[in-house]
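Novice: Sharing my_file-v1.txt, compact mmCIF, C-alpha atoms and all ligand atoms:
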```txt
# COMPACT_ATOMS: atom_id res chain seq x y z
CA MET A 25 58.71 156.48 36.12
CA LYS A 26 57.58 159.83 37.50
CA ILE A 27 56.33 160.52 41.01
CA LEU A 28 53.73 163.28 40.81
CA ALA A 29 51.93 165.28 43.49
CA PRO A 30 48.22 164.83 42.75
CA SER A 31 47.37 168.14 41.02
CA PRO A 32 44.58 168.28 38.42
CA ALA A 33 47.31 168.30 35.73
CA ALA A 34 48.89 165.18 37.22
CA ILE A 35 45.52 163.41 37.30
CA SER A 36 44.97 164.27 33.61
CA GLU A 37 48.41 162.97 32.75
CA ALA A 38 47.69 159.76 34.67
CA VAL A 39 44.34 159.32 32.89
CA GLU A 40 46.07 159.79 29.52
CA ALA A 41 48.68 157.21 30.50
CA LEU A 42 45.95 154.71 31.48
CA LYS A 43 44.15 155.33 28.18
CA GLN A 44 47.36 154.58 26.32
CA GLY A 45 47.76 151.29 28.12
CA ALA A 46 50.48 152.38 30.56
CA LEU A 47 50.60 151.55 34.28
CA VAL A 48 49.83 154.14 36.95
CA ALA A 49 50.27 153.59 40.68
CA PHE A 50 47.81 155.47 42.84
CA PRO A 51 46.98 155.83 46.54
CA THR A 52 43.93 154.23 48.11
CA GLU A 53 42.93 154.30 51.78
CA THR A 54 44.23 150.72 52.23
CA VAL A 55 47.50 150.38 50.24
CA TYR A 56 48.81 151.78 46.94
CA GLY A 57 47.38 150.15 43.83
CA LEU A 58 49.17 149.37 40.56
CA GLY A 59 46.58 150.44 38.01
CA ALA A 60 45.87 149.46 34.42
CA SER A 61 42.81 149.97 32.26
CA ALA A 62 40.59 146.98 33.03
CA VAL A 63 39.31 146.93 29.43
CA ASP A 64 42.74 146.92 27.75
CA ALA A 65 44.15 143.41 27.33
CA ASN A 66 47.66 144.68 26.56
CA ALA A 67 47.69 146.95 29.59
CA LEU A 68 46.63 143.98 31.73
CA LYS A 69 49.47 141.91 30.30
CA ARG A 70 51.86 144.70 31.18
CA LEU A 71 50.39 144.77 34.69
CA TYR A 72 50.96 141.06 35.30
CA ALA A 73 54.48 141.28 33.89
CA ALA A 74 55.40 144.28 36.06
CA LYS A 75 54.06 142.60 39.16
CA GLY A 76 55.54 139.22 38.38
CA ARG A 77 52.19 137.63 39.09
CA PRO A 78 50.92 134.38 37.58
CA ALA A 79 48.16 134.97 35.00
CA GLU A 80 45.51 132.92 36.77
CA HIS A 81 45.40 135.27 39.77
CA PRO A 82 42.47 137.68 39.53
CA VAL A 83 42.72 141.44 40.13
CA ILE A 84 40.23 143.85 41.68
CA VAL A 85 38.42 146.30 39.39
CA HIS A 86 38.31 149.75 40.99
CA LEU A 87 35.35 152.00 40.23
CA ALA A 88 34.34 155.57 41.06
CA ASP A 89 30.63 154.97 41.49
CA THR A 90 28.06 152.21 42.07
CA ASP A 91 26.47 153.28 38.73
CA GLN A 92 29.38 151.52 37.02
CA LEU A 93 28.72 148.19 38.77
CA SER A 94 26.35 146.94 36.08
CA ASP A 95 29.19 147.20 33.52
CA TRP A 96 31.20 144.62 35.43
CA VAL A 97 28.77 142.52 37.35
CA LEU A 98 25.98 140.25 36.12
CA HIS A 99 23.78 140.79 39.14
CA ILE A 100 24.13 142.01 42.70
CA PRO A 101 22.44 140.13 45.51
CA PRO A 102 20.45 142.54 47.73
CA ALA A 103 22.77 141.84 50.70
CA ALA A 104 25.81 142.84 48.65
CA MET A 105 24.00 145.97 47.47
CA ARG A 106 23.34 146.97 51.09
CA LEU A 107 27.06 146.64 51.82
CA ALA A 108 27.98 148.61 48.69
CA GLN A 109 25.62 151.41 49.58
CA SER A 110 26.68 151.71 53.16
CA LEU A 111 30.42 150.91 53.09
CA TRP A 112 31.61 152.30 49.75
CA PRO A 113 33.73 154.22 49.16
CA GLY A 114 35.66 152.12 51.65
CA PRO A 115 38.10 149.28 52.40
CA MET A 116 35.87 146.48 51.14
CA THR A 117 35.97 144.34 47.99
CA LEU A 118 32.96 142.38 46.78
CA ILE A 119 33.35 139.24 44.67
CA LEU A 120 30.32 139.03 42.40
CA PRO A 121 29.24 137.11 39.27
CA ARG A 122 31.07 138.71 36.36
CA SER A 123 29.63 140.37 33.27
CA VAL A 124 31.04 139.67 29.79
CA ARG A 125 33.09 142.87 30.07
CA ALA A 126 35.18 141.39 32.86
CA GLN A 127 37.80 139.58 30.79
CA ASP A 128 39.69 136.47 31.86
CA ALA A 129 42.75 138.65 32.35
CA VAL A 130 40.86 140.44 35.14
CA THR A 131 39.07 137.49 36.68
CA GLY A 132 41.79 134.89 36.28
CA GLY A 133 39.31 132.89 34.21
CA GLN A 134 36.81 132.60 37.07
CA ASN A 135 33.11 133.33 36.77
CA SER A 136 33.35 136.09 39.34
CA VAL A 137 34.90 139.53 39.47
CA GLY A 138 36.24 141.56 42.42
CA VAL A 139 35.04 145.17 42.58
CA ARG A 140 35.78 148.03 44.95
CA ILE A 141 35.21 151.77 45.29
CA PRO A 142 38.21 153.04 47.26
CA ASN A 143 37.88 155.87 49.77
CA HIS A 144 40.69 158.17 48.73
CA PRO A 145 40.20 161.55 47.03
CA VAL A 146 43.07 160.97 44.56
CA ALA A 147 41.86 157.48 43.64
CA LEU A 148 38.28 158.72 43.22
CA GLU A 149 39.39 161.67 41.11
CA LEU A 150 41.49 159.39 38.90
CA LEU A 151 38.72 156.81 38.53
CA LYS A 152 36.09 159.44 37.81
CA SER A 153 38.19 161.14 35.14
CA PHE A 154 39.16 157.81 33.59
CA GLY A 155 35.49 156.89 33.50
CA ASP A 156 35.92 153.11 33.46
CA GLY A 157 37.25 150.28 35.61
CA VAL A 158 40.88 150.30 36.70
CA ALA A 159 42.36 146.90 37.52
CA ALA A 160 44.74 147.31 40.45
CA PRO A 161 46.53 144.83 42.64
CA SER A 162 48.64 146.20 45.48
CA ALA A 163 51.62 148.04 43.97
CA ASN A 164 54.30 145.57 45.06
CA LYS A 165 56.08 142.73 43.31
CA PHE A 166 54.33 139.40 43.78
CA GLY A 167 54.93 138.02 47.27
CA GLN A 168 56.40 141.21 48.72
CA LEU A 169 54.97 143.58 51.32
CA SER A 170 52.26 145.96 50.12
CA PRO A 171 53.35 149.61 49.85
CA THR A 172 51.61 152.27 51.94
CA ASN A 173 53.42 155.32 50.56
CA ALA A 174 54.70 156.51 47.17
CA THR A 175 58.38 156.00 48.01
CA ASP A 176 57.79 152.32 48.81
CA VAL A 177 56.05 151.90 45.44
CA ALA A 178 58.90 153.61 43.58
CA SER A 179 61.50 151.43 45.32
CA GLU A 180 60.10 148.29 43.65
CA PHE A 181 59.55 149.45 40.08
CA ARG A 182 61.42 151.14 37.27
CA ASP A 183 60.19 152.18 33.85
CA GLU A 184 57.55 149.46 33.64
CA LEU A 185 55.53 152.02 35.60
CA ALA A 186 54.67 155.40 33.96
CA ILE A 187 53.47 157.42 36.94
CA VAL A 188 53.15 157.15 40.71
CA LEU A 189 50.55 159.55 42.10
CA ASP A 190 51.78 160.54 45.55
CA GLY A 191 48.80 160.82 47.87
CA GLY A 192 50.80 160.54 51.09
CA PRO A 193 50.65 157.63 53.53
CA CYS A 194 47.62 155.31 53.45
CA ASP A 195 45.16 155.67 56.29
CA VAL A 196 43.95 152.07 56.76
CA GLY A 197 47.29 150.39 55.97
CA ILE A 198 46.21 146.80 55.23
CA GLU A 199 44.30 145.55 52.20
CA SER A 200 40.52 145.62 51.90
CA THR A 201 38.24 143.02 53.46
CA ILE A 202 37.16 140.68 50.64
CA ILE A 203 33.64 139.24 50.76
CA ASP A 204 32.76 136.52 48.28
CA PHE A 205 29.16 136.61 47.07
CA SER A 206 29.76 134.23 44.19
CA GLN A 207 28.99 131.08 46.19
CA GLU A 208 25.82 130.00 47.92
CA GLN A 209 26.74 131.42 51.33
CA PRO A 210 28.74 134.66 51.51
CA ARG A 211 32.14 134.34 53.13
CA ILE A 212 35.18 136.41 53.92
CA LEU A 213 38.17 135.56 51.72
CA ARG A 214 40.51 138.09 53.29
CA PRO A 215 39.97 139.77 56.66
CA GLY A 216 40.56 143.51 56.89
CA MET A 217 39.44 146.51 58.88
CA ILE A 218 35.79 146.13 57.85
CA LEU A 219 34.77 143.50 60.40
CA PRO A 220 32.55 140.41 60.03
CA GLU A 221 30.05 141.58 62.65
CA GLN A 222 29.72 144.90 60.83
CA ILE A 223 29.13 143.04 57.54
CA GLU A 224 26.54 140.70 59.04
CA LEU A 225 24.69 143.59 60.65
CA ILE A 226 24.59 145.81 57.57
CA ALA A 227 23.94 143.04 55.05
CA GLY A 228 21.52 141.14 57.28
CA ILE A 229 23.29 137.86 56.55
CA LYS A 230 25.24 135.14 58.32
CA LEU A 231 28.75 134.73 56.93
CA GLN A 232 30.20 131.28 56.43
CA ALA A 233 32.54 130.86 59.41
CA GLY A 234 36.23 131.84 59.17
CA LEU A 235 37.47 130.01 56.08
CA TRP A 236 40.38 132.39 55.70
CA ALA A 237 41.71 131.42 59.13
CA SER A 238 43.04 128.13 57.86
CA SER A 239 45.46 128.40 54.98
CA LYS A 240 44.71 124.82 53.93
CA THR A 241 41.15 125.61 52.97
CA GLU A 242 42.05 128.66 50.95
CA SER A 243 42.10 128.80 47.22
CA THR A 244 45.57 129.33 45.79
CA ARG A 245 43.82 131.52 43.29
CA VAL A 246 43.75 134.21 45.94
CA PRO A 247 47.35 135.45 46.23
CA GLY A 248 46.51 136.86 49.63
CA GLY A 249 45.50 133.29 50.34
CA LEU A 250 48.95 131.84 49.80
CA PRO A 251 50.28 131.17 53.29
CA SER A 252 53.41 133.26 52.92
CA HIS A 253 52.15 136.28 51.10
CA TYR A 254 53.10 139.73 52.39
CA ALA A 255 56.50 138.53 53.60
CA PRO A 256 59.61 140.55 54.36
CA ASN A 257 62.96 139.05 53.32
CA THR A 258 64.17 138.64 56.89
CA PRO A 259 62.68 135.61 58.67
CA LEU A 260 59.85 136.78 60.92
CA GLU A 261 58.65 135.03 64.04
CA ILE A 262 55.60 135.75 66.17
CA VAL A 263 56.26 135.47 69.90
CA SER A 264 53.84 135.81 72.83
CA GLY A 265 54.31 138.77 75.15
CA GLU A 266 55.48 136.52 78.00
CA LYS A 267 58.12 134.80 75.92
CA LEU A 268 59.46 137.89 74.19
CA GLU A 269 62.28 138.81 76.63
CA GLU A 270 63.53 135.24 76.72
CA SER A 271 63.33 134.93 72.96
CA VAL A 272 65.36 138.10 72.42
CA ARG A 273 67.94 137.05 75.02
CA SER A 274 68.51 133.58 73.63
CA ARG A 275 68.96 134.90 70.08
CA LEU A 276 71.40 137.58 71.19
CA GLU A 277 73.34 135.03 73.22
CA SER A 278 73.75 132.83 70.20
CA GLY A 279 75.18 135.78 68.29
CA LYS A 280 72.11 136.59 66.21
CA ARG A 281 71.09 140.09 65.23
CA VAL A 282 67.52 140.61 66.40
CA CYS A 283 65.01 143.33 65.74
CA VAL A 284 61.66 143.60 67.43
CA LEU A 285 58.13 144.94 66.84
CA SER A 286 56.38 144.89 70.21
CA PHE A 287 54.06 146.84 72.49
CA ARG A 288 56.72 147.40 75.17
CA GLN A 289 60.44 147.88 74.67
CA PRO A 290 62.38 144.70 75.42
CA GLU A 291 65.28 145.04 77.85
CA ARG A 292 67.73 143.96 75.19
CA SER A 293 67.49 144.26 71.43
CA ALA A 294 69.45 146.04 68.75
CA VAL A 295 66.50 147.63 67.03
CA TRP A 296 63.02 148.09 68.45
CA VAL A 297 59.94 149.48 66.74
CA ALA A 298 57.03 150.38 69.02
CA ALA A 299 53.71 148.77 68.11
CA SER A 300 50.46 150.61 68.81
CA ASN A 301 47.87 149.14 71.20
CA THR A 302 45.13 150.39 68.93
CA ALA A 303 44.29 148.09 66.02
CA ASN A 304 43.63 150.94 63.56
CA VAL A 305 46.97 152.54 64.26
CA TYR A 306 48.81 149.20 64.27
CA ALA A 307 47.35 148.38 60.85
CA ARG A 308 48.17 151.83 59.46
CA GLN A 309 51.83 151.38 60.43
CA LEU A 310 52.18 147.63 59.86
CA TYR A 311 53.75 147.45 56.40
CA SER A 312 56.07 150.43 56.85
CA ASN A 313 57.14 149.01 60.23
CA LEU A 314 57.90 145.64 58.63
CA ARG A 315 59.84 147.34 55.83
CA LYS A 316 61.82 149.35 58.39
CA LEU A 317 62.67 146.16 60.28
CA ASP A 318 63.49 144.29 57.08
CA GLN A 319 66.00 146.98 56.13
CA GLN A 320 68.00 146.24 59.28
CA ARG A 321 69.19 143.04 57.62
CA ALA A 322 68.95 141.31 60.97
CA ASP A 323 68.88 137.52 61.34
CA VAL A 324 65.33 137.58 62.64
CA ILE A 325 62.38 139.92 63.17
CA LEU A 326 60.49 139.07 66.35
CA VAL A 327 56.92 140.33 66.45
CA GLU A 328 54.92 140.28 69.67
CA ALA A 329 51.61 138.47 69.16
CA VAL A 330 48.68 140.86 68.83
CA PRO A 331 45.49 140.65 70.92
CA THR A 332 42.64 138.42 69.79
CA GLY A 333 39.37 140.00 68.63
CA SER A 334 37.98 140.69 65.20
CA ASP A 335 39.51 144.17 64.99
CA TRP A 336 42.93 142.46 65.12
CA ASP A 337 42.10 139.60 62.71
CA GLY A 338 43.26 141.36 59.55
CA ILE A 339 46.54 142.23 61.27
CA SER A 340 47.20 138.78 62.71
CA ASP A 341 46.37 137.28 59.30
CA ARG A 342 49.08 139.43 57.63
CA LEU A 343 51.56 138.67 60.42
CA ARG A 344 50.93 134.93 60.13
CA ARG A 345 51.55 135.04 56.41
CA ALA A 346 54.72 137.07 56.88
CA ALA A 347 55.90 134.52 59.45
CA SER A 348 55.10 131.40 57.46
CA LYS A 349 58.09 132.00 55.21
CA ILE A 350 60.30 130.50 57.91
CA ALA A 351 58.62 127.13 57.67
CA ASN A 352 58.96 127.00 53.91
CA PRO A 353 61.31 129.62 52.48
CA LYS A 354 60.36 128.73 48.90
CA ASP A 355 56.75 129.74 49.49
CA GLY A 356 57.69 133.39 49.55
CA GLN A 357 58.11 133.57 45.77
CA HIS A 358 60.46 136.45 46.34
CA ASP A 359 62.23 136.15 43.07
CA LYS A 360 59.01 136.29 41.06
O1 LIG B 401 42.89 147.05 49.46
C1 LIG B 401 42.98 146.42 48.42
O2 LIG B 401 42.17 145.50 48.11
C2 LIG B 401 44.15 146.76 47.46
C3 LIG B 401 43.91 148.17 46.92
C4 LIG B 401 44.94 148.55 45.87
O3 LIG B 401 42.62 148.28 46.43
N1 LIG B 401 44.25 145.81 46.42
C5 LIG B 401 44.70 144.56 46.63
O4 LIG B 401 44.81 143.83 45.45
O5 LIG B 401 45.01 144.13 47.72
P1 LIG B 401 45.58 142.45 45.38
O6 LIG B 401 45.52 142.06 43.93
O7 LIG B 401 46.91 142.57 45.98
O8 LIG B 401 44.68 141.50 46.19
C6 LIG B 401 43.38 141.26 45.71
C7 LIG B 401 42.89 139.95 46.15
C8 LIG B 401 43.73 138.84 45.60
O9 LIG B 401 44.00 137.95 46.67
C9 LIG B 401 42.84 138.24 44.54
O10 LIG B 401 43.08 136.89 44.31
C10 LIG B 401 41.46 138.48 45.12
O11 LIG B 401 41.57 139.75 45.66
N2 LIG B 401 40.46 138.46 44.07
C11 LIG B 401 40.26 139.35 43.09
N3 LIG B 401 39.27 138.95 42.28
C12 LIG B 401 38.82 137.77 42.76
C13 LIG B 401 37.82 136.84 42.36
N4 LIG B 401 37.08 137.03 41.29
N5 LIG B 401 37.65 135.73 43.12
C14 LIG B 401 38.41 135.51 44.21
N6 LIG B 401 39.39 136.35 44.64
C15 LIG B 401 39.58 137.46 43.92
MG MG B 402 48.60 142.22 47.15
```
Once more with this new file: its structure as structure tokens, please.
Specialist:
Amino acid sequence: MKILAPSPAAISEAVEALKQGALVAFPTETVYGLGASAVDANALKRLYAAKGRPAEHPVIVHLADTDQLSDWVLHIPPAAMRLAQSLWPGPMTLILPRSVRAQDAVTGGQNSVGVRIPNHPVALELLKSFGDGVAAPSANKFGQLSPTNATDVASEFRDELAIVLDGGPCDVGIESTIIDFSQEQPRILRPGMILPEQIELIAGIKLQAGLWASSKTESTRVPGGLPSHYAPNTPLEIVSGEKLEESVRSRLESGKRVCVLSFRQPERSAVWVAASNTANVYARQLYSNLRKLDQQRADVILVEAVPTGSDWDGISDRLRRAASKIANPKDGQHDK
């Protein structure tokens, strides 16, 4: 595996690697993606093996331009087209009826395909030069935290990965908002930093109310929909602002090592990471903060509950999933 600064030569090398069926990790504005040619069945096999992901989980096809949509998608409802035109390139994925070109290896055998045009110059350059769809899940092992910089990608992979294009830290920091247009009424499958009210306004539609909020109603076909996805190895607990001091104190008194992600510094705690009051900044730092805390090898990570409001929904969704590992440690699939 090579980590390359994104020069034109590096992009050409990455395109060559993709054409030969190798895996290339690349930056997007949300998180780093682990890319494979979406038309190469062997490359897709390699992708699933490297990620340790079950074959029936679909991956997002990344494109450079809306002109390429018709290669992958059977038809685009007008509301979805309005979103594509106004929010792409951007942190949004559309689930649409698939074309014959979208193989089962991409769609997980479903009749729909996820597509996205990411808003990152390196990703766009790579996708444009490659000239076809690049299948890319987040560049982490199945069940682990998504990486938001090149070093975090490199820490999880070895030679199963040819190249990591280093585009610096990701700006958005949590994965794209996923909107499913394959059913009768459009709905959000995964909340992100593109908000429901923004979607409804631009698309001129009413979204089916918050299905993603309850893990029971989610399809296990959506890895982000497994309750304990995005989990650190250290047990993580979400605690309200009022209860935080008491929670830290009682853990310390029972001899536990505690680290904390909160808006204000607790009076007592071994390790504290300051959380931003601004949702955009909180999201940008979320995964690297959780990795930092995980590396402390503490007994518990306490995270102060975030405010309510749709701009915090994507964040609280990821925190809830990270926390749910406590209830059922086996759900984390960490050894996969
Ligand atoms: O921001 C992002 O979306 C990042 C960057 C790299 O683009 N990618 C990402 O990929 O988060 P991944 O594979 O970690 O998560 C994609 C989610 C999965 O939960 C997958 O099940 C869902 O999208 N998905 C993809 N295609 C789908 C489909 N046809 N139907 C339902 N869900 C789908
Ligand atoms: Mg992922």
Novice: Please check which residues have atoms at most 8 Å from (53.7, 140.0, 66.3) in the file's coordinates, counting only C-alpha atoms, and write them as a PyMOL selection string.
Specialist: chain A and resi 261-264+285-286+326-330+340+343
Novice: Region 52-59 of chain A: which residues within 7 Å, counting only C-alpha atoms, same-chain residues fewer than 6 positions away excluded, as a list in words?
Specialist: Pro115, Pro142, Asn143, His144, Ala147, Val158, Ala159, Ala160, Pro161, Ser162, Ala163, Ser170, Pro171, Thr172, Asn173, Cys194, Asp195, Val196, Gly197, Ile198, Glu199 and Ser200 of chain A
Novice: Could you give me, as a ChimeraX atom specification, the residues within 6 Å of region 97-111 of chain A, counting only C-alpha atoms and dropping anything in the same chain fewer than 5 positions from it?
Specialist: /A:121-123,227
Novice: Separation of CA of Val284 (chain A) and CA of Trp296 (chain A), in Å?
Specialist: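 Result for CA of Val284 (chain A) versus CA of Trp296 (chain A): 4.8 Å, one decimal.
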Novice: Neighbours of Gly138 (chain A) within 12 Å (all atoms listed in the file; same-chain residues fewer than 2 positions away dropped), as a ChimeraX atom specification?
Specialist: /A:62,81-87,93,96-97,116-123,126-127,130-132,134-136,140-141,157-161,200-206,213,246
Novice: Go through A:Phe50, A:Phe287, A:Asp91, A:Ile27 and flag the residue nearest Glu149 (chain A), using all atoms listed in the file for the distances.
Specialist: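 Using all atoms listed in the file, the shortest distance to Glu149 (chain A) belongs to A:Phe50.
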Novice: Just need the box for region 62-68 of chain A, edges along x, y and z, holding every atom the file lists for it with 3 Å tacked onto each side, so centre and edge lengths in Å to one decimal, as JSON.
Specialist:
```
{"center_x": 43.5, "center_y": 145.2, "center_z": 29.8, "size_x": 14.4, "size_y": 9.6, "size_z": 12.5}
```
